[in-house]
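A short write-up of the structure that comes next.
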Amino acid sequence: MGALALAIAMAILAVWPTSCTAQDAPSERPSALFPRLYPNPSGLNGMEELIYAGDLLATSSLFGALVADPSPTLSEKRRALADPPVARALELMRAGLAKPIEPPRLDAEMLILPYAHLRNLGRLVGHEIYVRFADGQTPRAHRALRDGLNLATAAQRGPLIAGLVGTAISAQVVRAYSMHLDQLSASDCGAVLTVVNAWLAVPDRLAEVLRGERRFLVDQASLSMPGTPVHRDAITIIAFLLDTMAEQVRRPPWQRKPLPPIEGEGPAVELARSLAPVEALSRAEEAFQREMGRVQVLGLHAAVRRFRWEHDRLPASLDEVKPGRLGVDPFTGGPVRYRLTGRDTYEITVADPRPAPTPSTAP
């Protein structure tokens, strides 16, 4: 019981701050994971390349210095990207993302380490986006945006920690790209919309994470908890809670019901209450909604700017850009808020009270 609760607590505490803070903490330098996770690699699972890419990043002193510096220069970013293990890591990441992704089966001791690797790959993609824009390589910046969002989705094929790391990666990548909206041409805006709409077409990200959390819970229970009826019943109760939430999150967020409390009495119920990561599940759901909002807002910026190039003016409302699904606020189901703030400036916001509106100047 203690080992299972500790594993869940460590997972949430380890990853949550990275999904909601603006600055990245210094990168971890984990030991080589690939031979430990994949002693007999299949070559068919893209996660193998992702983990090996993370191992390569851990060998690069230039990459380590890059993520430890809160304000690295463009020259430092270029040097890190040109470092052979870093360049090879990007190649492997892209090769892995082109394959089916299956998450590793992890015990409590190994749970955090692979996701630290994936988080570092997300940081690398964010720096790559900056360099590509600085060097006028906008198509390569688009590719990095696509790869970063796909990396986030790949990371989310696992338990709760995987979902939160994925939202942290997408936040890093979208933030890095959004700093350069003024550099987009009309065709660039169309490319961004293609990337964003492809990302939106992937269904049930949070439901996949909940299924992964259920598998992890059952696996760890079989390894670390006594096989008494009380313990088995407690795990059954928590698994039912996760199944219930997985069904709920298939609905739009504004149509979901709150996660029901664990009701009843008896030792199994009390044990289930003490183990169930209810607060963490609620925070994860919020993180996924914010992720949806960030990506949609990026797509809307591209749509507004493409309209600006076509008509030499900003749209009076989002209706003029025909936003479709992009225009639906993931928190309320109503329209995303759009407001002109000047002749060449506007605001786009979703209902999440945490982020502050950011004015934007059209190209």
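Following the order of the structure tokens, chains are lettered A, B, ..., residues in each are numbered from 1, and ligands are numbered from 1.
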
Excluding same-chain residues fewer than 5 positions from A:Ala152, what lies within 7 Å of it counting only C-alpha atoms, as an NGL selection string?
:A and (166-167 or 169-170)

Please provide the set of residues having any atom within 12 Å of A:Glu310, restricted to only C-alpha atoms, with same-chain residues fewer than 2 positions apart removed, written as a list of chain:residue names.
A:Ser185, A:Ala186, A:Ser187, A:Cys189, A:Gly190, A:Ala303, A:Val304, A:Arg305, A:Arg306, A:Phe307, A:Arg308, A:Asp312, A:Arg313, A:Leu314, A:Pro315, A:Glu320, A:Val321, A:Pro363

Shell around A:Gly46 at 10 Å using only C-alpha atoms, local window under 2 positions removed, as a VMD selection string
chain A and resid 42 to 44 48 to 51 92 to 103 154

As a ChimeraX atom specification, list the residues of stretch 244-307 of chain A assigned to helix (DSSP H, G or I) by DSSP on the backbone atoms of this structure.
/A:244-248,253-255,267-275,278-307

Ranking A:Met225, A:Ala316, A:Ile237, A:Val328 by minimum distance to A:Asp344 and counting only C-alpha atoms, which one comes first?
A:Ala316

Near-A:Glu213 list (10 Å; only C-alpha atoms; drop same-chain fewer than 4 positions) as a ChimeraX atom specification:
/A:8,157-163,207-209,217-219,239,242

The distance between atom CA of A:Gln137 and atom CA of A:Leu56 is 25.0 Å

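The smallest atom-to-atom distance between A:Arg337 and any of A:Met245, A:Leu300, A:Ala171, A:Leu223, using only C-alpha atoms, is found for A:Leu300.
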
Quick one: which stretch 136-158 of chain A residues come within 12 Å of stretch 271-292 of chain A, and what is the nearest atom pair for each with the distance in Å to one decimal, counting only C-alpha atoms, rows ordered by chain and ascending number, as CSV?
```
residue,atom,partner,partner_atom,distance
A:Leu149,CA,A:Glu291,CA,10.4
A:Ala152,CA,A:Glu291,CA,10.2
A:Thr153,CA,A:Glu291,CA,11.1
A:Gln156,CA,A:Phe288,CA,10.5
```

Write the residues of the selection above to a file with N, CA and C atoms, as a compact mmCIF listing (two decimals), in the first residue's frame.
```
# COMPACT_ATOMS: atom_id res chain seq x y z
N LEU A 149 4.16 18.94 -31.07
CA LEU A 149 2.80 18.55 -30.68
C LEU A 149 2.63 17.03 -30.77
N ALA A 152 4.20 15.56 -27.74
CA ALA A 152 3.31 15.67 -26.58
C ALA A 152 2.26 14.57 -26.59
N THR A 153 1.68 14.29 -27.75
CA THR A 153 0.69 13.23 -27.86
C THR A 153 1.31 11.86 -27.58
N GLN A 156 1.73 11.24 -23.97
CA GLN A 156 0.48 11.03 -23.25
C GLN A 156 -0.05 9.61 -23.35
```

So which residues touch A:Tyr177 within 8 Å, counting only C-alpha atoms, skipping near sequence neighbours fewer than 6 positions away, as a list in words?
Gly126, Ile129, Tyr130, Ala141 and Leu145 of chain A

Polymer residues at most 10 Å from A:Glu247, only C-alpha atoms, same-chain spacing of 2 or more positions, as a list in words
Asp204, Ala207, Leu210, Leu242, Asp243, Thr244, Met245, Val249, Arg250, Arg251 and Arg256 of chain A

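Separating atom CA of A:Leu57 from atom CA of A:Asn120 is a distance of 7.8 Å.
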